[in-house]
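Peer 1: Before I ask anything, here is the structure I am working with.
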Protein chains: 6
Amino acid sequence: MRANLKTSVQTFMGCRAEYEESEIALFGAPFDSTTSYRPGARFASSAIRAESIGIETYSPYQMADLENLKIFDAGDLELPFGNAGKALDTIEAFCGKVQDDDKMPVMIGGEHLLTFGAVRAAAGRHPDLRVMHFDAHADLRRDYMGESLSHATVMRRVWDLLGDGRIFQFGIRSGTKDEFDWAASHVRTELFTVRGIDSCAEAACSYPVYISVDLDVIDPSEFPGTGTPEAGGVSFKDLLDALLCLRGLNVVGFDICELSPHYDVSGISTALACKILREMLIAYH
Amino acid sequence: MRANLKTSVQTFMGCRAEYEESEIALFGAPFDSTTSYRPGARFASSAIRAESIGIETYSPYQMADLENLKIFDAGDLELPFGNAGKALDTIEAFCGKVQDDDKMPVMIGGEHLLTFGAVRAAAGRHPDLRVMHFDAHADLRRDYMGESLSHATVMRRVWDLLGDGRIFQFGIRSGTKDEFDWAASHVRTELFTVRGIDSCAEAACSYPVYISVDLDVIDPSEFPGTGTPEAGGVSFKDLLDALLCLRGLNVVGFDICELSPHYDVSGISTALACKILREMLIAYH
Amino acid sequence: MRANLKTSVQTFMGCRAEYEESEIALFGAPFDSTTSYRPGARFASSAIRAESIGIETYSPYQMADLENLKIFDAGDLELPFGNAGKALDTIEAFCGKVQDDDKMPVMIGGEHLLTFGAVRAAAGRHPDLRVMHFDAHADLRRDYMGESLSHATVMRRVWDLLGDGRIFQFGIRSGTKDEFDWAASHVRTELFTVRGIDSCAEAACSYPVYISVDLDVIDPSEFPGTGTPEAGGVSFKDLLDALLCLRGLNVVGFDICELSPHYDVSGISTALACKILREMLIAYH
Amino acid sequence: MRANLKTSVQTFMGCRAEYEESEIALFGAPFDSTTSYRPGARFASSAIRAESIGIETYSPYQMADLENLKIFDAGDLELPFGNAGKALDTIEAFCGKVQDDDKMPVMIGGEHLLTFGAVRAAAGRHPDLRVMHFDAHADLRRDYMGESLSHATVMRRVWDLLGDGRIFQFGIRSGTKDEFDWAASHVRTELFTVRGIDSCAEAACSYPVYISVDLDVIDPSEFPGTGTPEAGGVSFKDLLDALLCLRGLNVVGFDICELSPHYDVSGISTALACKILREMLIAYH
Amino acid sequence: MRANLKTSVQTFMGCRAEYEESEIALFGAPFDSTTSYRPGARFASSAIRAESIGIETYSPYQMADLENLKIFDAGDLELPFGNAGKALDTIEAFCGKVQDDDKMPVMIGGEHLLTFGAVRAAAGRHPDLRVMHFDAHADLRRDYMGESLSHATVMRRVWDLLGDGRIFQFGIRSGTKDEFDWAASHVRTELFTVRGIDSCAEAACSYPVYISVDLDVIDPSEFPGTGTPEAGGVSFKDLLDALLCLRGLNVVGFDICELSPHYDVSGISTALACKILREMLIAYH
Amino acid sequence: MRANLKTSVQTFMGCRAEYEESEIALFGAPFDSTTSYRPGARFASSAIRAESIGIETYSPYQMADLENLKIFDAGDLELPFGNAGKALDTIEAFCGKVQDDDKMPVMIGGEHLLTFGAVRAAAGRHPDLRVMHFDAHADLRRDYMGESLSHATVMRRVWDLLGDGRIFQFGIRSGTKDEFDWAASHVRTELFTVRGIDSCAEAACSYPVYISVDLDVIDPSEFPGTGTPEAGGVSFKDLLDALLCLRGLNVVGFDICELSPHYDVSGISTALACKILREMLIAYH
């Protein structure tokens, strides 16, 4: 019987290592206060843990099993709703501690702005960091309704930190004219698809890399459970192939963001997110 | 044909007055960034306007018709997600302008924190203001996760402004021990029901009154579409009777808050909110 | 703040022109009385307007912005439920007036029968009209359960008006044997896909063209919110490519039909419809 | 095993009599074309039959079992969507045939307009007919958007047939001022509740009686699955008590209408409708 | 920050004691294989834990706080789907161990059959056990479709164990004629309501008592998330009052069963279950 | 009018033959007790029959009409929840009787374990049977949580019966490492896709063939209504092409399993299942 007389733990499937022995520290970041359209990404980490029991720990794509890795699931960070600055500080602190202990932090967002906290921690330790960014939205606004910290500005904030030529975007299919114009001279943006992932992987192969997956990069047919669904996305298979392309890189952290499970009664979005997370954990450990 | 060659307008049913001629200015406040559990109240005003075409403008309870009133529907305020302070300022400014033009502002929230903005405008013009507060939750915390501006602190902030004996709470059935202890000596709190509304109406009859209805005061069976449903609430009929009890008072503003329409696929919550709004508009105009 | 002291307007995103200055008059047609299976298309125009705020006005597909066009959103026509004849007359009258004023009418249905009203207006002014018809269903029955005006007969009624060789169908994957047999000698029907769109565009290039998109032509995975979902449809990308193929034509009117938003809790169908409408408005203005 | 080598039948639970031997002929009427707000009542009869297997045939309220009655379930009438006149004719013909064969017709609507067809059949055979009408809406408009046959006019059409003092309404809580004014001198209308059912039963005790239950008379909390939910309704228990009050009368036909099952994902509305139908069948057989 | 470097734990709110120090051992029993209508109760314990963060640990009904109790949350038992016998054995073993350690076992079902496992453990240690049973259904069949172990037979199996006069039923409103007839001479059955709870509490006051709450005893309006909703149930307030009536008794174990969270998209059923569990834990600890 | 005075029948569309004259006997198998994750497949047959009225009987893929076949719809078998052994016996007996009467049995599951009952009947009459298995999951465990009869073991049980080289699997993308290792030497497993269907058809062309379609082989975007959705599946078109590849074979029985309709509010999964069933009935009759 699984219930026991020690302590009850609900973790992402197969993630049962203690912190000390672990290579990877997985954590949830339940925060979505700057979401401009449909919120709910705050429930992603809880849903992903609960639903992960419905899928296998073994990957037939990589012929490897999650259970063979040393992953610690730290549960959820406590983040103050309505205070984006403090939320980012908390995430940066946690990721920093994990990295200082020679482990890789892996975040289950939350809204996409949170990536900025994790990237700050990574960039602080790896000044030559590159960021691989999968998303339907460019997220490159200078500000959004007057706010500089917003899910719609996050990659611009990352650029403030890293500068030109460090950000590689894939699957982008939504933005303002200004964003696309600005992008042309500051970041590498692949419209609509994940084409060119190979050459980007090559370009980044001698640098530390952070990978951020806004799950709405996937077509809404496969991933309806998100706040701002954008038709015309990439498929699970395309995204998985692209992510596996990055396997050889020096990945120092990654995240998946913007699952909003309540918008998908069927649960297929959460199940897909579980598989993406499983594959990324196996690929980059 | 309703489509026309002038301008397309979607207002709350029957609210077709121009601003200048109006007695009441209705507005939406789509903001829910500090919501700690299930967000979505940002969609309330849009849902209420769209669904209001499903009910009648005539009230058999008060034998009066909304179409006979002069109500201007101003649409929604533009509020910055994630910035509670600025959102409150915007609401206060709008309500103040409306009151200075000798009209009554009526707000469709939004999360309950927004009431603080509307009350600030009212208290600025009516220093002896009383507040009638219908809610499942006491909302009396000094702060919430370190934040002083939160949906869980709103009535405490109102108290900061108005002081002891000015706030009358009804239907309260959730809070911390500290909140209930504090309430005992600072506000009048009716647990679980709307009993005592008559004596409170009497106590407030010579003062200007603001009425705030957090719709989760209603039992979740009748109003499932809200972020933190609390079993054991009051019925629509009880709430309506209580609200009609306040008819003779000098009401200088009111709001309905915390409808989160996406959580109620059946739509009964939005339909109920429409009726409450219709009855309040008729009762207090 | 968006709420204002003039007039509250909810239009399709970016459509803020006055009628007089406009090139395009957009209108909703909330009617679905002859729907034989799952009704609900009457809510499409309202849902599309409300949800359009979740997407951008800029198209990265055509590198153009909806905000630069002169589009008037006339709101919804008032159509009598249960009286198809009168509904069609109302639509024909409105579209006729718009065309006589040298503007292009664009309809958000509603059930597909309504296309007949819009085509009558166009054919009255353009006797050599061609119709491009995207749909899962042939809609070519002579009558349906004894009724000649039905969503299942609409293209047959259009044929009554225009005659052989004028109707080009794409994506068709459902019909009776009789419909397919009849189609063979009267219309051009492309089964399952949008292949051959180029040659059809060429064939129609010297004629006025009406484009009717029954959105159920799209695969139900991408567009679940419709009354009679038919597996095996075309993708958003395929449909968009086909629609952009028609850009050079002399388009005198178009519609999108059969979004039934309540059947899609996730909202991806409405979001997709918004994008198709944005792209068509930009492409054919 | 229930599957068998004769013929598969899905009827309302326990209704297994052949037509010839039956006392009651139950039939479905899947039509909702004049519904002005949210359609879907066309699915009621199918849902009620399918879900009836979830409840018992025995009534602890009346201590009797449905299985002991002789009820024939005729399945659904085939009604032409969009043609209200023909739908009513079909219903009248079917009910007439049943009554001529000395059986009681029982209709599962469908929208409420359909009651007019069943009442025409009953009134043709019983000129002194009385009608007991349970509803949230008065349904007494002379016409609705120019149409005389509409769900919003049905009781006015019944009055055209029967005249003053023959219609007894209960639970009414929605209508225009005109409807309420007209009602005062032509029908007996009990607002909000079922009070006075006893005296009405007494007044009708020497006449043939038709009972029409628009299920939206029940509070939306207990019955969310309907097109136009109206807060402040009667409870299941109140309605059941009222219906059992009518047990001694000479009931010549009855119906339940306006279940729209798709709007209630939880299924409680359909389950409730099954119980009301069970109780009415037992009470009036 | 709640995420930590020791171990991530998701328990029912406020239940953070270690097993050794605890007075109560709470556990989940995810099993619903014999459910005859709509399954899904297997997800109850997981949903209750996750949603419990949305409500307070403090009870204004009993003026006490859950956090002051010593409760260990053991997580979920591992139960084999499709094997009812083994599932019951596992539950009996766990409850027995807990009782032998002088703690009270508290079960979150699962389907109602599971109560039999918990009662077997209690009866083995307390031969004069009484059972208080709240339910919409009598659950007194000798067998169901040939199976003796079924959710529809559970109280008959309990009777096999305890004999006449030991079972007190409340709220019952569904069953076969045979069940009601049999009940009359073997158990005490209160139809429809919780009336008589006082006298039953008195009758049981000198015996050990097990309390089983099939949550479908509550009206489906307040608790739609269950497999076989039965209209005409008791209210949350009535049930809570009845449960608080039993406070003085020698309660040796209790359970709540038949929450099927997926059938209630709004989440009000799970939230209500959390409150009932909070109140029972405080009342009987 | 479809309602009639003989007997009401709800069958799968167009299946109106009597048993004696029929070539195919279609039946439902409402059972899902061993489902380990999300149950609900028990509702599949009922949903498929009800929803089949929304699609046509004519196949444009095969240019043939279901109405021209002789198919008897036997309704649903009565299967005891919680007793897998007895359920399988009932299915085997029914299929055996049908085959002995020279007809082909076609099963609408239910959970996938049920296939074992149908295969036992087929293998008993055709010792050299081959099985074509479409599924996301390998279903090859020796036992699951100690149970040998489980949805996760069904193909292993079929192998027990048939031995090496008789089972051909397609679309498999989930399993344990042990299952994949075992599969390598005992069955033919095509990962992820339906590639190689031609050569398998050729290999099986001189043997009797049973075809089992676990509908979760289809991508969750097109088929969300299933218990354990697995991203990365095959499309409807791919599956249909593969199934049509098997047309020439000596098919002695087939099934479709694991539609769980309640998880797909939009209904697209049920509609797709109807089309697959239509195509299979036409292809293999």
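Labeling convention for the structure tokens: chains A, B, ... as they appear, residues from 1 per chain, ligands from 1 in order of appearance.
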Just list the residues in range 19-268 of chain B DSSP gives strand (DSSP E) on the backbone, as a PyMOL selection string.

Peer 2: chain B and resi 24-29+58-59+64-65+71-76+104-109+130-134+167-172+188-191+208-214+250-257

Peer 1: As a tab-separated table (two decimals) with N, CA and C atoms, in the first residue's frame, please: the residues near Ala201 in chain D (cut-off 12 Å, only C-alpha atoms, same-chain neighbours under 6 positions excluded).

Peer 2:
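Saved to result.tsv:
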```tsv
chain	number	residue	atom	x	y	z
D	130	ARG	N	-58.94	22.84	-18.28
D	130	ARG	CA	-58.17	23.78	-17.46
D	130	ARG	C	-56.68	23.45	-17.63
D	131	VAL	N	-55.85	24.47	-17.51
D	131	VAL	CA	-54.41	24.26	-17.65
D	131	VAL	C	-53.67	24.72	-16.40
D	132	MET	N	-52.88	23.82	-15.84
D	132	MET	CA	-52.01	24.16	-14.71
D	132	MET	C	-50.61	24.37	-15.29
D	167	ILE	N	-56.54	29.30	-17.05
D	167	ILE	CA	-55.11	29.05	-16.89
D	167	ILE	C	-54.66	29.44	-15.49
D	168	PHE	N	-53.95	28.53	-14.83
D	168	PHE	CA	-53.45	28.75	-13.47
D	168	PHE	C	-51.93	28.69	-13.52
D	169	GLN	N	-51.28	29.80	-13.23
D	169	GLN	CA	-49.81	29.85	-13.32
D	169	GLN	C	-49.16	29.87	-11.94
D	194	VAL	N	-45.43	28.35	-5.33
D	194	VAL	CA	-46.57	27.49	-5.69
D	194	VAL	C	-47.69	27.61	-4.67
D	195	ARG	N	-47.67	28.66	-3.92
D	195	ARG	CA	-48.75	28.85	-2.94
D	195	ARG	C	-50.11	28.92	-3.64
D	207	TYR	N	-63.20	19.48	-13.72
D	207	TYR	CA	-62.89	19.68	-15.14
D	207	TYR	C	-61.72	18.81	-15.58
D	208	PRO	N	-61.63	18.54	-16.86
D	208	PRO	CA	-60.39	17.91	-17.36
D	208	PRO	C	-59.23	18.90	-17.23
D	209	VAL	N	-58.08	18.38	-16.92
D	209	VAL	CA	-56.93	19.24	-16.62
D	209	VAL	C	-55.72	18.81	-17.44
D	210	TYR	N	-55.02	19.80	-18.00
D	210	TYR	CA	-53.73	19.58	-18.64
D	210	TYR	C	-52.68	20.25	-17.75
D	211	ILE	N	-51.56	19.56	-17.51
D	211	ILE	CA	-50.52	20.10	-16.65
D	211	ILE	C	-49.25	20.31	-17.48
D	242	ALA	N	-46.49	20.34	-4.84
D	242	ALA	CA	-47.57	20.95	-5.61
D	242	ALA	C	-48.14	19.96	-6.62
D	243	LEU	N	-47.26	19.24	-7.28
D	243	LEU	CA	-47.73	18.28	-8.29
D	243	LEU	C	-48.54	17.16	-7.64
D	244	LEU	N	-48.11	16.75	-6.45
D	244	LEU	CA	-48.85	15.67	-5.77
D	244	LEU	C	-50.21	16.17	-5.28
D	245	CYS	N	-50.32	17.47	-5.05
D	245	CYS	CA	-51.60	18.10	-4.71
D	245	CYS	C	-52.65	17.91	-5.79
D	246	LEU	N	-52.18	17.72	-7.02
D	246	LEU	CA	-53.10	17.63	-8.16
D	246	LEU	C	-53.49	16.19	-8.46
D	247	ARG	N	-53.10	15.29	-7.58
D	247	ARG	CA	-53.27	13.87	-7.85
D	247	ARG	C	-54.72	13.45	-8.12
D	248	GLY	N	-55.67	14.01	-7.41
D	248	GLY	CA	-57.04	13.56	-7.57
D	248	GLY	C	-57.72	14.05	-8.84
D	249	LEU	N	-57.10	14.97	-9.54
D	249	LEU	CA	-57.78	15.61	-10.67
D	249	LEU	C	-57.91	14.67	-11.88
D	250	ASN	N	-58.73	15.09	-12.80
D	250	ASN	CA	-58.93	14.36	-14.05
D	250	ASN	C	-57.90	14.83	-15.08
D	251	VAL	N	-56.67	14.35	-14.95
D	251	VAL	CA	-55.58	14.81	-15.81
D	251	VAL	C	-55.67	14.09	-17.16
```

Peer 1: Neighbouring residues of Glu279 in chain A were defined as those with any atom within 10 Å, considering only C-alpha atoms; residues of the same chain fewer than 6 positions away were excluded. Please report them as a ChimeraX atom specification.

Peer 2: /A:57-62,64-66,240,243-244,273

Peer 1: With N, CA and C atoms retained, could you export that selection as an mmCIF file, in the first residue's frame?

Peer 2:
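Ended up saving to result-v9.cif:
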```
data_model
loop_
_atom_site.group_PDB
_atom_site.id
_atom_site.type_symbol
_atom_site.label_atom_id
_atom_site.label_comp_id
_atom_site.auth_asym_id
_atom_site.auth_seq_id
_atom_site.Cartn_x
_atom_site.Cartn_y
_atom_site.Cartn_z
ATOM 1 N N THR A 57 6.760 6.439 -16.750
ATOM 2 C CA THR A 57 8.041 7.108 -16.524
ATOM 3 C C THR A 57 9.046 6.788 -17.635
ATOM 4 N N TYR A 58 8.744 5.779 -18.420
ATOM 5 C CA TYR A 58 9.657 5.351 -19.480
ATOM 6 C C TYR A 58 9.380 6.118 -20.772
ATOM 7 N N SER A 59 10.442 6.558 -21.431
ATOM 8 C CA SER A 59 10.301 7.251 -22.707
ATOM 9 C C SER A 59 10.682 6.353 -23.871
ATOM 10 N N PRO A 60 9.716 6.011 -24.727
ATOM 11 C CA PRO A 60 10.091 5.250 -25.924
ATOM 12 C C PRO A 60 10.793 6.119 -26.962
ATOM 13 N N TYR A 61 10.776 7.434 -26.767
ATOM 14 C CA TYR A 61 11.463 8.326 -27.702
ATOM 15 C C TYR A 61 12.972 8.315 -27.448
ATOM 16 N N GLN A 62 13.323 8.261 -26.160
ATOM 17 C CA GLN A 62 14.739 8.294 -25.816
ATOM 18 C C GLN A 62 15.200 6.960 -25.219
ATOM 19 N N ALA A 64 14.710 5.615 -22.314
ATOM 20 C CA ALA A 64 15.298 5.838 -20.998
ATOM 21 C C ALA A 64 14.164 6.046 -20.008
ATOM 22 N N ASP A 65 14.462 5.863 -18.737
ATOM 23 C CA ASP A 65 13.408 5.910 -17.731
ATOM 24 C C ASP A 65 13.701 7.001 -16.710
ATOM 25 N N LEU A 66 12.693 7.818 -16.450
ATOM 26 C CA LEU A 66 12.803 8.903 -15.493
ATOM 27 C C LEU A 66 13.227 8.395 -14.112
ATOM 28 N N LEU A 240 8.936 18.247 -29.738
ATOM 29 C CA LEU A 240 9.782 17.221 -29.126
ATOM 30 C C LEU A 240 11.061 17.031 -29.944
ATOM 31 N N LEU A 243 13.338 19.885 -29.239
ATOM 32 C CA LEU A 243 13.931 19.824 -27.900
ATOM 33 C C LEU A 243 15.013 18.756 -27.839
ATOM 34 N N LEU A 244 14.779 17.647 -28.528
ATOM 35 C CA LEU A 244 15.794 16.588 -28.518
ATOM 36 C C LEU A 244 17.037 17.017 -29.303
ATOM 37 N N ALA A 273 1.773 18.225 -21.210
ATOM 38 C CA ALA A 273 2.812 18.915 -20.444
ATOM 39 C C ALA A 273 3.647 17.918 -19.643
#
```

Peer 1: Report as a list of chain:residue names the set of chain B residues whose atoms approach chain D to within 8 Å, with distances computed over only C-alpha atoms.

Peer 2: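 That gives the following set of residues: B:Gly54, B:Ile55, B:Glu56, B:Thr57, B:Tyr58, B:Ser59, B:Pro60, B:Met63, B:Asp65, B:Ser221, B:Glu222, B:Phe223, B:Phe236, B:Lys237, B:Val265, B:Ser266, B:Gly267, B:Ile268, B:Ala271, B:Leu272, B:Lys275.
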
Peer 1: Can you spit out the residues from that selection as an mmCIF file, in the first residue's frame, using N, CA and C atoms?

Peer 2:
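To be explicit, this is the file written out as result23.cif:
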```cif
data_model
loop_
_atom_site.group_PDB
_atom_site.id
_atom_site.type_symbol
_atom_site.label_atom_id
_atom_site.label_comp_id
_atom_site.auth_asym_id
_atom_site.auth_seq_id
_atom_site.Cartn_x
_atom_site.Cartn_y
_atom_site.Cartn_z
ATOM 1 N N GLY B 54 -30.574 37.952 -21.836
ATOM 2 C CA GLY B 54 -31.413 36.787 -21.546
ATOM 3 C C GLY B 54 -32.465 37.028 -20.473
ATOM 4 N N ILE B 55 -32.426 38.165 -19.805
ATOM 5 C CA ILE B 55 -33.440 38.415 -18.769
ATOM 6 C C ILE B 55 -34.203 39.704 -19.088
ATOM 7 N N GLU B 56 -35.277 39.925 -18.345
ATOM 8 C CA GLU B 56 -36.148 41.070 -18.606
ATOM 9 C C GLU B 56 -35.639 42.313 -17.871
ATOM 10 N N THR B 57 -36.000 43.479 -18.373
ATOM 11 C CA THR B 57 -35.652 44.724 -17.681
ATOM 12 C C THR B 57 -36.660 45.047 -16.569
ATOM 13 N N TYR B 58 -37.787 44.366 -16.601
ATOM 14 C CA TYR B 58 -38.834 44.645 -15.614
ATOM 15 C C TYR B 58 -38.636 43.791 -14.361
ATOM 16 N N SER B 59 -38.792 44.398 -13.190
ATOM 17 C CA SER B 59 -38.673 43.672 -11.931
ATOM 18 C C SER B 59 -40.046 43.411 -11.316
ATOM 19 N N PRO B 60 -40.446 42.159 -11.234
ATOM 20 C CA PRO B 60 -41.704 41.878 -10.533
ATOM 21 C C PRO B 60 -41.556 42.013 -9.017
ATOM 22 N N MET B 63 -41.799 45.960 -9.018
ATOM 23 C CA MET B 63 -42.767 46.473 -9.988
ATOM 24 C C MET B 63 -42.274 47.767 -10.641
ATOM 25 N N ASP B 65 -39.312 49.222 -13.934
ATOM 26 C CA ASP B 65 -38.581 48.791 -15.120
ATOM 27 C C ASP B 65 -37.284 49.588 -15.247
ATOM 28 N N SER B 221 -24.411 26.812 -4.392
ATOM 29 C CA SER B 221 -25.386 26.105 -5.227
ATOM 30 C C SER B 221 -26.053 27.070 -6.195
ATOM 31 N N GLU B 222 -26.330 28.264 -5.753
ATOM 32 C CA GLU B 222 -26.971 29.254 -6.616
ATOM 33 C C GLU B 222 -25.942 30.092 -7.370
ATOM 34 N N PHE B 223 -24.722 30.124 -6.869
ATOM 35 C CA PHE B 223 -23.702 30.982 -7.463
ATOM 36 C C PHE B 223 -22.354 30.262 -7.488
ATOM 37 N N PHE B 236 -30.394 33.660 -2.862
ATOM 38 C CA PHE B 236 -30.720 34.835 -3.670
ATOM 39 C C PHE B 236 -31.863 35.605 -3.026
ATOM 40 N N LYS B 237 -32.868 34.883 -2.578
ATOM 41 C CA LYS B 237 -34.034 35.558 -1.999
ATOM 42 C C LYS B 237 -33.670 36.306 -0.725
ATOM 43 N N VAL B 265 -20.029 26.867 -16.188
ATOM 44 C CA VAL B 265 -20.376 26.603 -17.579
ATOM 45 C C VAL B 265 -21.873 26.781 -17.821
ATOM 46 N N SER B 266 -22.680 26.507 -16.827
ATOM 47 C CA SER B 266 -24.136 26.581 -17.011
ATOM 48 C C SER B 266 -24.637 28.011 -17.145
ATOM 49 N N GLY B 267 -23.868 28.960 -16.662
ATOM 50 C CA GLY B 267 -24.261 30.355 -16.798
ATOM 51 C C GLY B 267 -25.228 30.868 -15.746
ATOM 52 N N ILE B 268 -25.574 30.038 -14.763
ATOM 53 C CA ILE B 268 -26.575 30.519 -13.797
ATOM 54 C C ILE B 268 -26.011 31.616 -12.899
ATOM 55 N N ALA B 271 -26.315 34.923 -14.797
ATOM 56 C CA ALA B 271 -27.727 35.311 -14.860
ATOM 57 C C ALA B 271 -28.193 35.863 -13.513
ATOM 58 N N LEU B 272 -27.766 35.234 -12.433
ATOM 59 C CA LEU B 272 -28.135 35.731 -11.109
ATOM 60 C C LEU B 272 -27.522 37.109 -10.858
ATOM 61 N N LYS B 275 -29.534 39.783 -12.375
ATOM 62 C CA LYS B 275 -30.756 40.123 -11.641
ATOM 63 C C LYS B 275 -30.451 40.967 -10.414
#
```

Peer 1: Might you pull out every residue within 8 Å of range 142-155 of chain D, with only C-alpha atoms counted and same-chain residues fewer than 5 positions away left off, and present them as a list in words?

Peer 2: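 Once the nearby chain positions are removed, what remains is Pro80, Gly82 and Asn83 of chain C; Thr34, Thr35, Ser36, Ala84, Gly85, Glu111, His112, Leu113, Thr115, Phe116 and His137 of chain D.
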
Peer 1: Can you list, as a ChimeraX atom specification, every protein, DNA or RNA residue that comes within 8 Å of Ala123 in chain B when you count only C-alpha atoms, leaving out same-chain residues fewer than 5 positions away?

Peer 2: /B:128-129,161-162

Peer 1: Please, what distance in Å, to one decimal, runs between CA of Lys86 in chain B and CA of Asp32 in chain A?

Peer 2: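 Calculated distance between CA of Lys86 in chain B and CA of Asp32 in chain A is 17.8 Å.
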
Peer 1: If DSSP is run on the backbone, what residues of range 34-207 of chain C are alpha helix (DSSP H)? A reply as a ChimeraX atom specification would be ideal.

Peer 2: /C:44-51,84-100,115-125,154-162,177-186,197-203

Peer 1: Might you pull out every residue within 7 Å of Ile256 in chain D, with only C-alpha atoms counted and same-chain residues fewer than 2 positions away left off, and present them as a PyMOL selection string?

Peer 2: chain D and resi 107-109+212-215

Peer 1: Can you spit out the residues from that selection as a PDB file, in the first residue's frame, using C-alpha atoms?

Peer 2:
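Just written: result.pdb:
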```pdb
ATOM      1  CA  MET D 107     -44.762  14.818 -23.813  1.00  0.00           C
ATOM      2  CA  ILE D 108     -41.094  15.353 -23.065  1.00  0.00           C
ATOM      3  CA  GLY D 109     -40.285  18.715 -24.726  1.00  0.00           C
ATOM      4  CA  SER D 212     -47.530  21.831 -18.222  1.00  0.00           C
ATOM      5  CA  VAL D 213     -44.256  22.022 -16.354  1.00  0.00           C
ATOM      6  CA  ASP D 214     -41.637  24.326 -17.781  1.00  0.00           C
ATOM      7  CA  LEU D 215     -38.824  22.961 -15.679  1.00  0.00           C
TER       8      LEU D 215
END
```

Peer 1: For Gly28 in chain C, which residue out of C:Ala41, C:Leu69, C:Val119, C:Ala93 is the nearest one, using only C-alpha atoms?

Peer 2: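 Of C:Ala41, C:Leu69, C:Val119, C:Ala93, the one nearest Gly28 in chain C, counting only C-alpha atoms, is C:Ala41.
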
Peer 1: Leaving out Cys15 in chain B and any residue of its chain fewer than 4 positions from it, which residues lie within 10 Å of it when counting only C-alpha atoms, given as a list in words?

Peer 2: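 Neighbouring residues, sequence-local ones excluded: Gln10, Thr11, Ser22, Ile24, Ala25, Leu26, Thr57, Leu66, Glu67, Asn68, Leu69, Lys70, Ile71, Phe72, Asp73 and Ala74 of chain B.
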
Peer 1: Given only C-alpha atoms as the basis, pick out the residue of E:Tyr19, E:Phe31, E:Phe12, E:Tyr284 nearest to Ser52 in chain E.

Peer 2: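 So, comparing all the options, the nearest one is E:Phe12.
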